[in-house]
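Everything below belongs to input33.txt, which stores compact mmCIF, C-alpha atoms and all ligand atoms.
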```txt
# COMPACT_ATOMS: atom_id res chain seq x y z
CA MET A 195 71.40 3.31 19.65
CA SER A 196 70.56 1.08 16.71
CA THR A 197 68.38 -1.97 16.83
CA THR A 198 69.41 -5.16 15.09
CA PRO A 199 67.21 -6.45 12.28
CA PRO A 200 65.52 -9.81 12.67
CA GLY A 201 67.72 -12.66 11.50
CA VAL A 202 70.86 -10.53 11.27
CA THR A 203 72.43 -10.39 14.68
CA PRO A 204 76.16 -10.01 15.17
CA ALA A 205 76.04 -13.42 16.89
CA ASP A 206 74.76 -14.91 13.62
CA ALA A 207 77.71 -13.61 11.69
CA THR A 208 79.71 -16.45 10.20
CA PRO A 209 83.30 -15.98 11.28
CA PRO A 210 85.62 -15.41 8.33
CA PRO A 211 87.19 -18.65 7.11
CA ALA A 212 90.92 -19.07 7.69
CA GLY A 213 92.77 -16.67 5.44
CA ALA A 214 89.74 -14.42 4.87
CA THR A 215 91.34 -11.49 6.65
CA VAL A 216 92.51 -9.14 3.94
CA ALA A 217 96.10 -7.96 4.23
CA PRO A 218 96.35 -4.24 3.39
CA GLU A 219 98.48 -4.99 0.31
CA ASP A 220 95.80 -7.40 -1.04
CA ALA A 221 92.98 -4.89 -0.57
CA LEU A 222 91.72 -2.95 -3.56
CA ILE A 223 89.33 -1.21 -1.18
CA ARG A 224 89.97 -0.46 2.46
CA THR A 225 87.89 1.80 4.68
CA GLU A 226 88.35 2.67 8.29
CA ASP A 227 85.62 4.15 10.46
CA LEU A 228 83.90 5.68 7.45
CA ARG A 229 81.20 8.16 8.41
CA ARG A 230 78.78 10.24 6.35
CA VAL A 231 76.43 12.81 7.81
CA TYR A 232 73.88 14.58 5.63
CA ALA A 233 73.03 17.94 7.14
CA THR A 234 70.04 20.01 6.08
CA GLU A 235 68.78 23.14 7.85
CA GLU A 236 66.39 21.16 10.05
CA VAL A 237 67.98 17.77 10.52
CA GLU A 238 71.22 15.82 10.46
CA THR A 239 71.13 12.22 9.21
CA SER A 240 73.99 9.86 9.95
CA ALA A 241 73.91 7.60 6.90
CA LEU A 242 77.18 5.80 7.78
CA VAL A 243 78.31 5.59 11.39
CA GLY A 244 81.71 3.88 11.21
CA VAL A 245 82.15 1.41 8.37
CA THR A 246 85.43 -0.52 8.38
CA VAL A 247 85.70 -2.94 5.51
CA SER A 248 88.35 -4.36 3.17
CA ILE A 249 87.71 -5.85 -0.24
CA ARG A 250 90.36 -7.96 -1.84
CA ARG A 251 91.51 -7.63 -5.45
CA GLY A 252 89.46 -10.09 -7.49
CA GLU A 253 86.70 -10.40 -4.90
CA PHE A 254 82.97 -10.25 -5.66
CA ALA A 255 81.25 -8.61 -2.67
CA ALA A 256 77.52 -8.06 -2.23
CA ILE A 257 76.14 -5.38 0.09
CA MET A 258 72.67 -6.01 1.48
CA GLY A 259 70.40 -4.38 4.03
CA PRO A 260 67.02 -2.69 4.37
CA SER A 261 66.13 0.52 2.57
CA GLY A 262 67.77 3.55 4.19
CA CYS A 263 70.61 1.60 5.86
CA GLY A 264 73.33 3.42 3.89
CA LYS A 265 74.04 1.11 0.94
CA SER A 266 73.93 3.80 -1.76
CA THR A 267 75.85 6.22 0.43
CA LEU A 268 78.60 3.63 0.85
CA LEU A 269 78.65 2.76 -2.86
CA ASN A 270 78.87 6.47 -3.80
CA ILE A 271 81.86 6.92 -1.53
CA LEU A 272 83.53 3.73 -2.79
CA GLY A 273 82.93 5.00 -6.34
CA LEU A 274 84.60 8.33 -5.46
CA LEU A 275 81.38 10.13 -6.37
CA ASP A 276 81.03 11.44 -2.82
CA ARG A 277 83.40 12.00 0.08
CA PRO A 278 83.02 10.84 3.67
CA SER A 279 82.42 13.21 6.60
CA GLY A 280 84.98 11.23 8.60
CA GLY A 281 87.24 8.19 8.45
CA GLU A 282 89.47 7.13 5.58
CA TYR A 283 89.05 5.28 2.32
CA TRP A 284 92.08 3.83 0.51
CA PHE A 285 91.53 2.86 -3.11
CA ASP A 286 94.38 0.67 -4.33
CA GLY A 287 96.49 1.98 -1.47
CA ASN A 288 95.72 5.66 -2.16
CA PRO A 289 94.03 7.65 0.62
CA THR A 290 91.04 9.43 -0.91
CA ALA A 291 89.05 11.12 1.87
CA ALA A 292 90.81 14.46 1.50
CA LEU A 293 90.86 14.49 -2.31
CA SER A 294 89.18 17.35 -4.14
CA GLU A 295 86.40 16.61 -6.60
CA ARG A 296 88.93 16.91 -9.41
CA GLY A 297 91.33 14.53 -7.67
CA ARG A 298 88.55 12.00 -7.19
CA ALA A 299 87.47 12.28 -10.83
CA GLY A 300 91.08 11.73 -11.94
CA LEU A 301 91.43 8.59 -9.84
CA ARG A 302 87.99 7.31 -10.92
CA ARG A 303 88.72 7.62 -14.64
CA GLY A 304 89.60 4.26 -16.11
CA THR A 305 89.64 2.57 -12.71
CA ILE A 306 85.97 2.25 -11.74
CA GLY A 307 83.09 1.14 -13.97
CA PHE A 308 79.51 1.77 -12.85
CA VAL A 309 76.38 -0.27 -13.48
CA PHE A 310 73.09 1.22 -12.25
CA GLN A 311 69.60 -0.19 -11.73
CA SER A 312 68.16 2.22 -14.31
CA PHE A 313 70.97 1.58 -16.87
CA ASN A 314 71.72 5.34 -17.25
CA LEU A 315 72.43 5.17 -20.97
CA ILE A 316 72.25 8.37 -22.99
CA ASP A 317 69.13 8.17 -25.16
CA GLU A 318 70.51 10.46 -27.89
CA LEU A 319 73.60 8.31 -28.45
CA THR A 320 73.73 4.96 -30.24
CA VAL A 321 74.76 1.78 -28.45
CA TYR A 322 78.26 2.13 -29.93
CA GLU A 323 78.57 5.79 -28.86
CA ASN A 324 77.36 5.02 -25.32
CA VAL A 325 79.99 2.30 -24.91
CA GLU A 326 82.75 4.43 -26.43
CA LEU A 327 82.02 7.39 -24.12
CA PRO A 328 84.35 6.55 -21.17
CA LEU A 329 87.24 6.19 -23.62
CA LEU A 330 86.90 9.80 -24.81
CA TYR A 331 88.33 10.89 -21.44
CA LEU A 332 91.44 8.74 -21.87
CA SER A 333 94.22 9.59 -24.28
CA LEU A 334 93.77 6.82 -26.82
CA SER A 335 94.04 6.80 -30.60
CA ALA A 336 90.81 6.57 -32.62
CA GLN A 337 91.90 3.11 -33.73
CA GLU A 338 92.43 1.91 -30.14
CA ARG A 339 89.03 3.36 -29.12
CA LYS A 340 87.33 1.51 -31.95
CA ALA A 341 89.04 -1.79 -31.11
CA ARG A 342 88.13 -1.53 -27.43
CA THR A 343 84.54 -0.46 -28.08
CA GLU A 344 83.98 -3.32 -30.51
CA ALA A 345 85.57 -5.82 -28.11
CA ALA A 346 83.33 -4.65 -25.23
CA LEU A 347 80.22 -4.96 -27.43
CA GLU A 348 81.27 -8.47 -28.48
CA ARG A 349 81.83 -9.42 -24.87
CA VAL A 350 78.18 -8.65 -23.98
CA GLN A 351 76.91 -9.97 -27.33
CA MET A 352 75.51 -6.62 -28.43
CA ALA A 353 77.71 -5.95 -31.48
CA HIS A 354 74.75 -6.60 -33.79
CA ARG A 355 72.83 -3.72 -32.15
CA ARG A 356 75.62 -1.16 -32.30
CA ASP A 357 73.64 1.40 -34.32
CA HIS A 358 70.44 1.11 -32.26
CA PHE A 359 69.40 3.70 -29.70
CA PRO A 360 68.79 2.62 -26.07
CA GLN A 361 65.01 3.02 -26.33
CA GLN A 362 64.96 0.46 -29.15
CA LEU A 363 66.33 -2.23 -26.81
CA SER A 364 64.84 -4.41 -24.09
CA GLY A 365 65.81 -3.72 -20.48
CA GLY A 366 68.13 -6.74 -20.45
CA GLN A 367 69.86 -5.54 -23.62
CA GLN A 368 70.22 -2.02 -22.19
CA GLN A 369 71.88 -3.41 -19.08
CA ARG A 370 74.27 -5.44 -21.24
CA VAL A 371 75.21 -2.25 -23.07
CA ALA A 372 75.69 -0.53 -19.70
CA ILE A 373 78.01 -3.37 -18.66
CA ALA A 374 79.98 -2.95 -21.91
CA ARG A 375 80.31 0.76 -21.07
CA ALA A 376 81.46 -0.13 -17.53
CA VAL A 377 84.20 -2.48 -18.76
CA VAL A 378 85.35 -0.73 -21.95
CA ALA A 379 88.23 1.00 -20.19
CA SER A 380 89.23 -2.30 -18.47
CA PRO A 381 88.81 -0.91 -14.94
CA PRO A 382 90.02 -3.09 -12.06
CA MET A 383 86.69 -2.55 -10.28
CA ILE A 384 82.99 -2.46 -11.14
CA LEU A 385 80.41 -1.02 -8.75
CA ALA A 386 76.88 -2.22 -9.42
CA ASP A 387 73.81 -0.73 -7.76
CA GLU A 388 70.86 -3.16 -7.98
CA PRO A 389 71.92 -4.25 -11.48
CA THR A 390 68.92 -6.59 -11.93
CA GLY A 391 66.38 -4.40 -10.10
CA ASN A 392 64.52 -3.45 -13.29
CA LEU A 393 64.78 -6.80 -15.06
CA ASP A 394 62.69 -9.96 -15.18
CA SER A 395 64.39 -13.05 -13.79
CA ALA A 396 65.64 -14.43 -17.15
CA HIS A 397 67.32 -11.14 -18.11
CA GLY A 398 68.47 -10.68 -14.52
CA ASN A 399 70.23 -14.04 -14.63
CA GLU A 400 71.88 -13.11 -17.91
CA VAL A 401 73.26 -9.91 -16.35
CA MET A 402 74.45 -11.75 -13.23
CA ASN A 403 76.20 -14.40 -15.34
CA LEU A 404 77.95 -11.62 -17.23
CA LEU A 405 79.11 -10.01 -13.98
CA ALA A 406 80.29 -13.41 -12.73
CA GLU A 407 82.27 -13.92 -15.96
CA LEU A 408 83.93 -10.52 -15.58
CA ASN A 409 84.78 -11.37 -11.98
CA ALA A 410 86.19 -14.74 -13.01
CA ALA A 411 88.44 -12.84 -15.43
CA GLY A 412 89.79 -10.79 -12.51
CA THR A 413 87.55 -7.71 -12.16
CA THR A 414 86.71 -6.84 -8.55
CA ILE A 415 82.96 -6.33 -8.15
CA VAL A 416 81.03 -4.62 -5.37
CA MET A 417 77.28 -4.91 -5.81
CA VAL A 418 74.37 -3.54 -3.81
CA THR A 419 71.40 -5.87 -4.02
CA HIS A 420 68.10 -6.77 -2.39
CA SER A 421 68.08 -10.13 -4.13
CA PRO A 422 69.37 -13.15 -2.18
CA SER A 423 69.81 -15.09 -5.44
CA ASP A 424 71.98 -12.31 -6.90
CA ALA A 425 73.96 -12.21 -3.65
CA ASP A 426 74.68 -15.94 -4.13
CA TYR A 427 77.02 -14.99 -6.99
CA ALA A 428 79.28 -13.16 -4.51
CA HIS A 429 82.22 -14.42 -2.45
CA ARG A 430 81.04 -12.41 0.52
CA VAL A 431 77.79 -10.77 1.62
CA ILE A 432 78.15 -7.70 3.81
CA HIS A 433 75.01 -6.75 5.73
CA LEU A 434 74.49 -3.11 6.66
CA PHE A 435 72.00 -1.85 9.18
CA ASP A 436 71.58 1.71 10.44
CA GLY A 437 74.83 2.80 8.80
CA HIS A 438 77.14 0.09 10.00
CA VAL A 439 78.22 -3.45 9.13
CA VAL A 440 76.27 -5.93 11.25
CA SER A 441 77.44 -9.16 9.66
CA GLU A 442 79.58 -10.63 6.91
CA ARG A 443 78.99 -14.00 5.33
CA PHE A 444 81.81 -15.64 3.39
CA MET A 445 81.01 -18.16 0.67
CA GLU A 446 83.38 -21.03 -0.04
CA LYS A 447 84.55 -19.94 -3.47
CA GLU A 448 87.86 -19.45 -5.16
CA TYR A 449 89.04 -15.97 -6.09
CA ALA A 450 90.29 -15.38 -9.59
CA LEU A 451 93.13 -13.00 -9.01
CA PRO A 452 93.68 -10.38 -11.70
CA ALA A 453 96.48 -11.28 -14.14
P1 LIG A 501 69.98 2.79 1.06
O1 LIG A 501 70.77 2.89 -0.20
O2 LIG A 501 70.41 1.66 1.95
O3 LIG A 501 68.51 2.78 0.84
P2 LIG A 501 70.91 5.50 1.52
O4 LIG A 501 72.38 5.42 1.52
O5 LIG A 501 70.24 6.02 0.27
O6 LIG A 501 70.29 4.10 1.94
O7 LIG A 501 70.44 6.45 2.72
C1 LIG A 501 70.91 6.32 4.05
C2 LIG A 501 70.25 7.40 4.91
O8 LIG A 501 70.75 8.68 4.51
C3 LIG A 501 68.75 7.47 4.79
O9 LIG A 501 68.22 7.81 6.06
C4 LIG A 501 68.52 8.57 3.79
O10 LIG A 501 67.27 9.19 4.01
C5 LIG A 501 69.67 9.51 4.10
N1 LIG A 501 70.11 10.25 2.89
C6 LIG A 501 70.59 9.72 1.75
N2 LIG A 501 70.93 10.69 0.87
C7 LIG A 501 70.64 11.87 1.48
C8 LIG A 501 70.76 13.26 1.09
N3 LIG A 501 71.27 13.60 -0.09
N4 LIG A 501 70.36 14.18 1.98
C9 LIG A 501 69.87 13.85 3.20
N5 LIG A 501 69.73 12.57 3.62
C10 LIG A 501 70.11 11.59 2.79
```
Is it possible to give me this structure as structure tokens?
Ligand code: ADP
Amino acid sequence: MSTTPPGVTPADATPPPAGATVAPEDALIRTEDLRRVYATEEVETSALVGVTVSIRRGEFAAIMGPSGCGKSTLLNILGLLDRPSGGEYWFDGNPTAALSERGRAGLRRGTIGFVFQSFNLIDELTVYENVELPLLYLSLSAQERKARTEAALERVQMAHRRDHFPQQLSGGQQQRVAIARAVVASPPMILADEPTGNLDSAHGNEVMNLLAELNAAGTTIVMVTHSPSDADYAHRVIHLFDGHVVSERFMEKEYALPA
């Protein structure tokens, strides 16, 4: 039996505004009764105990909740990096729970961009090479790769640092490069795990504005955050506690639907 955290009771949950219910055909992400149990020799941990959630194409959703409530577990499953122990997850209408690792990787390629708290750039590669990397897995001509890589670097205003290595950049610049890498293949969705967690507030705001711009251009964003001010950029804040959704708060904002 789970307890409810202070200030986040189901009774507090703002009811979805009219029209907020996501029709299955509008959902880029849809989960039903998603469960994830981690089993070690001594102990079983239920990280997700029945998460049912739909995220609309073009939506910006923030996931919040205390440490250990299952945020990363949920993001890993949504990113097709992990599979649930039970329930179903449809990505763009495709059921994914039973997919093999190879099937998940195939679906992930070109469709999901990742942004992590610790940037996760490859130190031995230049800025340009880091951003180009996701394109090497797609069948594109060298000319197309170059055009897309340069456009992504321009978009985050890092073209002038293309030959630098990650360690020669500030944290804010590294995260901008990581965002360029996440968008270079023009994925319909970006998953961001505490994208401003290692940044001071000025650089954090820069990164959030960039994510908001990408969302306004039609990219669906799902972001885990501890920061209420970062969550304010979202259309909806989903609160998790003890592995399930305890409340959802909808903001009054327009969706930019993908072209
Ligand atoms: P959050 O991201 O909200 O901090 P997590 O999704 O990382 O939470 O973890 C949810 C629960 O699952 C926690 O109790 C955590 O200890 C447990 N957990 C996460 N990953 C593993 C793992 N690989 N093995 C065993 N338990 C895990």
Neighbour list for Leu301 (chain A) as a list in words, cut-off 12 Å, all atoms listed in the file, skip fewer than 3 positions in-chain: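 Everything that qualifies: Leu272, Gly273, Leu274, Leu275, Trp284, Phe285, Asp286, Gly287, Asn288, Pro289, Thr290, Leu293, Ser294, Glu295, Arg296, Gly297, Arg298, Gly304, Thr305, Ile306, Gly307, Pro381 and Pro382 of chain A.
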What are the closest atom pairs, with distances in Å to one decimal, for each residue of chain A lying within 9 Å of ligand LIG 501 (chain A), using all atoms listed in the file, rows by chain and rising residue number, as a tab-separated table?
```
residue	atom	partner	partner_atom	distance
A:Arg230	CA	A:LIG501	O8	8.4
A:Val231	CA	A:LIG501	O8	7.8
A:Tyr232	CA	A:LIG501	C9	4.7
A:Ala233	CA	A:LIG501	C9	6.5
A:Thr234	CA	A:LIG501	C9	6.8
A:Val237	CA	A:LIG501	C9	8.5
A:Glu238	CA	A:LIG501	C9	7.6
A:Thr239	CA	A:LIG501	N5	5.8
A:Ser240	CA	A:LIG501	O8	6.4
A:Ala241	CA	A:LIG501	O8	4.1
A:Leu242	CA	A:LIG501	C1	7.3
A:Met258	CA	A:LIG501	O2	8.0
A:Gly259	CA	A:LIG501	O2	6.4
A:Pro260	CA	A:LIG501	O2	6.0
A:Ser261	CA	A:LIG501	O3	3.7
A:Gly262	CA	A:LIG501	O6	3.4
A:Cys263	CA	A:LIG501	O2	3.9
A:Gly264	CA	A:LIG501	O4	3.2
A:Lys265	CA	A:LIG501	O2	3.8
A:Ser266	CA	A:LIG501	O1	3.6
A:Thr267	CA	A:LIG501	O4	3.7
A:Leu268	CA	A:LIG501	O4	6.5
A:Leu269	CA	A:LIG501	O4	8.1
A:Asn270	CA	A:LIG501	O4	8.5
A:Asp387	CA	A:LIG501	O1	8.9
A:Val418	CA	A:LIG501	O1	8.2
A:Leu434	CA	A:LIG501	O2	7.8
A:Phe435	CA	A:LIG501	O2	8.2
A:Asp436	CA	A:LIG501	C1	7.9
A:Gly437	CA	A:LIG501	C1	7.1
```
Top pick for closest residue to Val325 (chain A), considering A:Pro278, A:Pro218, A:Gly244, A:Pro360 and counting only C-alpha atoms: A:Pro360
From A:Asn403, A:Val439, A:Ala428, A:Ala372, residue lying nearest Thr225 (chain A) [all atoms listed in the file]: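 Closest candidate: A:Val439.
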8 Å contact set for region 392-396 of chain A, all atoms listed in the file, chain neighbours under 3 positions out, as a PyMOL selection string: chain A and resi 311-312+365-366+389+399-400
Who sits within 9 Å of Gly281 (chain A), all atoms listed in the file, same chain under 5 positions skipped, as a VMD selection string: chain A and resid 225 to 230 244 to 246 291
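Distance-wise, CA of His397 (chain A) and CA of Glu442 (chain A) end up 27.9 Å apart.
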Selection near region 314-316 of chain A, 10 Å with all atoms listed in the file, sequence-local residues under 5 positions removed, as a ChimeraX atom specification: /A:308-309,321,323-325,327,359-361,368-369,371-372,375
Counting all atoms listed in the file, the option among A:Pro328, A:Gly398, A:Gly412, A:Gly252 closest to Arg370 (chain A):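 Closest to Arg370 (chain A) of all the choices is A:Gly398.
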Computed interatomic separation between CA of Leu408 (chain A) and CA of Arg443 (chain A) (Å): 21.8 Å
Nearest residue to Leu385 (chain A) from the set A:Asp317, A:Glu338, A:Glu344, A:Glu253 (distances using all atoms listed in the file): A:Glu253
Nearest candidate to Ala255 (chain A) (options A:Arg339, A:Arg356, A:Arg430, A:Lys447; using only C-alpha atoms):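 Using only C-alpha atoms, the shortest distance to Ala255 (chain A) belongs to A:Arg430.
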Gap from CA of Leu330 (chain A) to CA of Ala292 (chain A) - Å, one decimal: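 Taking CA of Leu330 (chain A) as the start and CA of Ala292 (chain A) as the end point, the length is 27.0 Å.
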Is it possible to dump region 403-428 of chain A as a tab-separated table (two decimals), in the first residue's frame, including just N, CA and C atoms?
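selection.tsv written:
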```
chain	number	residue	atom	x	y	z
A	403	ASN	N	14.81	26.94	-23.16
A	403	ASN	CA	14.26	27.71	-24.28
A	403	ASN	C	14.45	26.96	-25.60
A	404	LEU	N	15.59	26.30	-25.70
A	404	LEU	CA	15.87	25.51	-26.91
A	404	LEU	C	14.88	24.34	-27.03
A	405	LEU	N	14.62	23.67	-25.91
A	405	LEU	CA	13.64	22.56	-25.94
A	405	LEU	C	12.25	23.10	-26.29
A	406	ALA	N	11.91	24.27	-25.73
A	406	ALA	CA	10.60	24.86	-26.02
A	406	ALA	C	10.48	25.22	-27.50
A	407	GLU	N	11.58	25.71	-28.08
A	407	GLU	CA	11.57	26.04	-29.52
A	407	GLU	C	11.35	24.79	-30.36
A	408	LEU	N	12.04	23.71	-29.99
A	408	LEU	CA	11.89	22.45	-30.73
A	408	LEU	C	10.46	21.95	-30.62
A	409	ASN	N	9.89	22.09	-29.42
A	409	ASN	CA	8.51	21.66	-29.22
A	409	ASN	C	7.56	22.52	-30.06
A	410	ALA	N	7.83	23.83	-30.07
A	410	ALA	CA	6.96	24.72	-30.86
A	410	ALA	C	7.03	24.37	-32.34
A	411	ALA	N	8.15	23.77	-32.76
A	411	ALA	CA	8.28	23.37	-34.17
A	411	ALA	C	7.69	21.97	-34.40
A	412	GLY	N	7.13	21.36	-33.34
A	412	GLY	CA	6.38	20.11	-33.56
A	412	GLY	C	6.96	18.87	-32.91
A	413	THR	N	8.14	18.97	-32.27
A	413	THR	CA	8.73	17.77	-31.65
A	413	THR	C	8.04	17.49	-30.32
A	414	THR	N	7.61	16.26	-30.13
A	414	THR	CA	7.02	15.85	-28.85
A	414	THR	C	8.16	15.71	-27.84
A	415	ILE	N	7.96	16.25	-26.64
A	415	ILE	CA	9.03	16.17	-25.63
A	415	ILE	C	8.47	15.57	-24.34
A	416	VAL	N	9.20	14.60	-23.80
A	416	VAL	CA	8.88	14.07	-22.47
A	416	VAL	C	10.14	14.29	-21.63
A	417	MET	N	9.98	15.00	-20.53
A	417	MET	CA	11.13	15.41	-19.73
A	417	MET	C	10.94	15.04	-18.26
A	418	VAL	N	11.91	14.36	-17.69
A	418	VAL	CA	11.92	14.14	-16.25
A	418	VAL	C	12.62	15.33	-15.61
A	419	THR	N	12.03	15.88	-14.57
A	419	THR	CA	12.67	17.03	-13.92
A	419	THR	C	12.31	17.11	-12.44
A	420	HIS	N	13.23	17.70	-11.67
A	420	HIS	CA	12.93	18.04	-10.28
A	420	HIS	C	12.58	19.51	-10.17
A	421	SER	N	12.77	20.25	-11.28
A	421	SER	CA	12.69	21.70	-11.20
A	421	SER	C	11.29	22.21	-11.58
A	422	PRO	N	10.58	22.83	-10.64
A	422	PRO	CA	9.26	23.37	-10.97
A	422	PRO	C	9.33	24.40	-12.08
A	423	SER	N	10.42	25.19	-12.15
A	423	SER	CA	10.46	26.21	-13.21
A	423	SER	C	10.67	25.55	-14.58
A	424	ASP	N	11.42	24.45	-14.63
A	424	ASP	CA	11.54	23.73	-15.91
A	424	ASP	C	10.19	23.10	-16.29
A	425	ALA	N	9.48	22.59	-15.28
A	425	ALA	CA	8.19	21.95	-15.55
A	425	ALA	C	7.18	22.96	-16.10
A	426	ASP	N	7.39	24.26	-15.78
A	426	ASP	CA	6.48	25.30	-16.29
A	426	ASP	C	6.52	25.43	-17.81
A	427	TYR	N	7.57	24.89	-18.44
A	427	TYR	CA	7.63	24.94	-19.90
A	427	TYR	C	6.69	23.90	-20.53
A	428	ALA	N	6.21	22.95	-19.73
A	428	ALA	CA	5.45	21.82	-20.28
A	428	ALA	C	3.96	22.16	-20.43
```
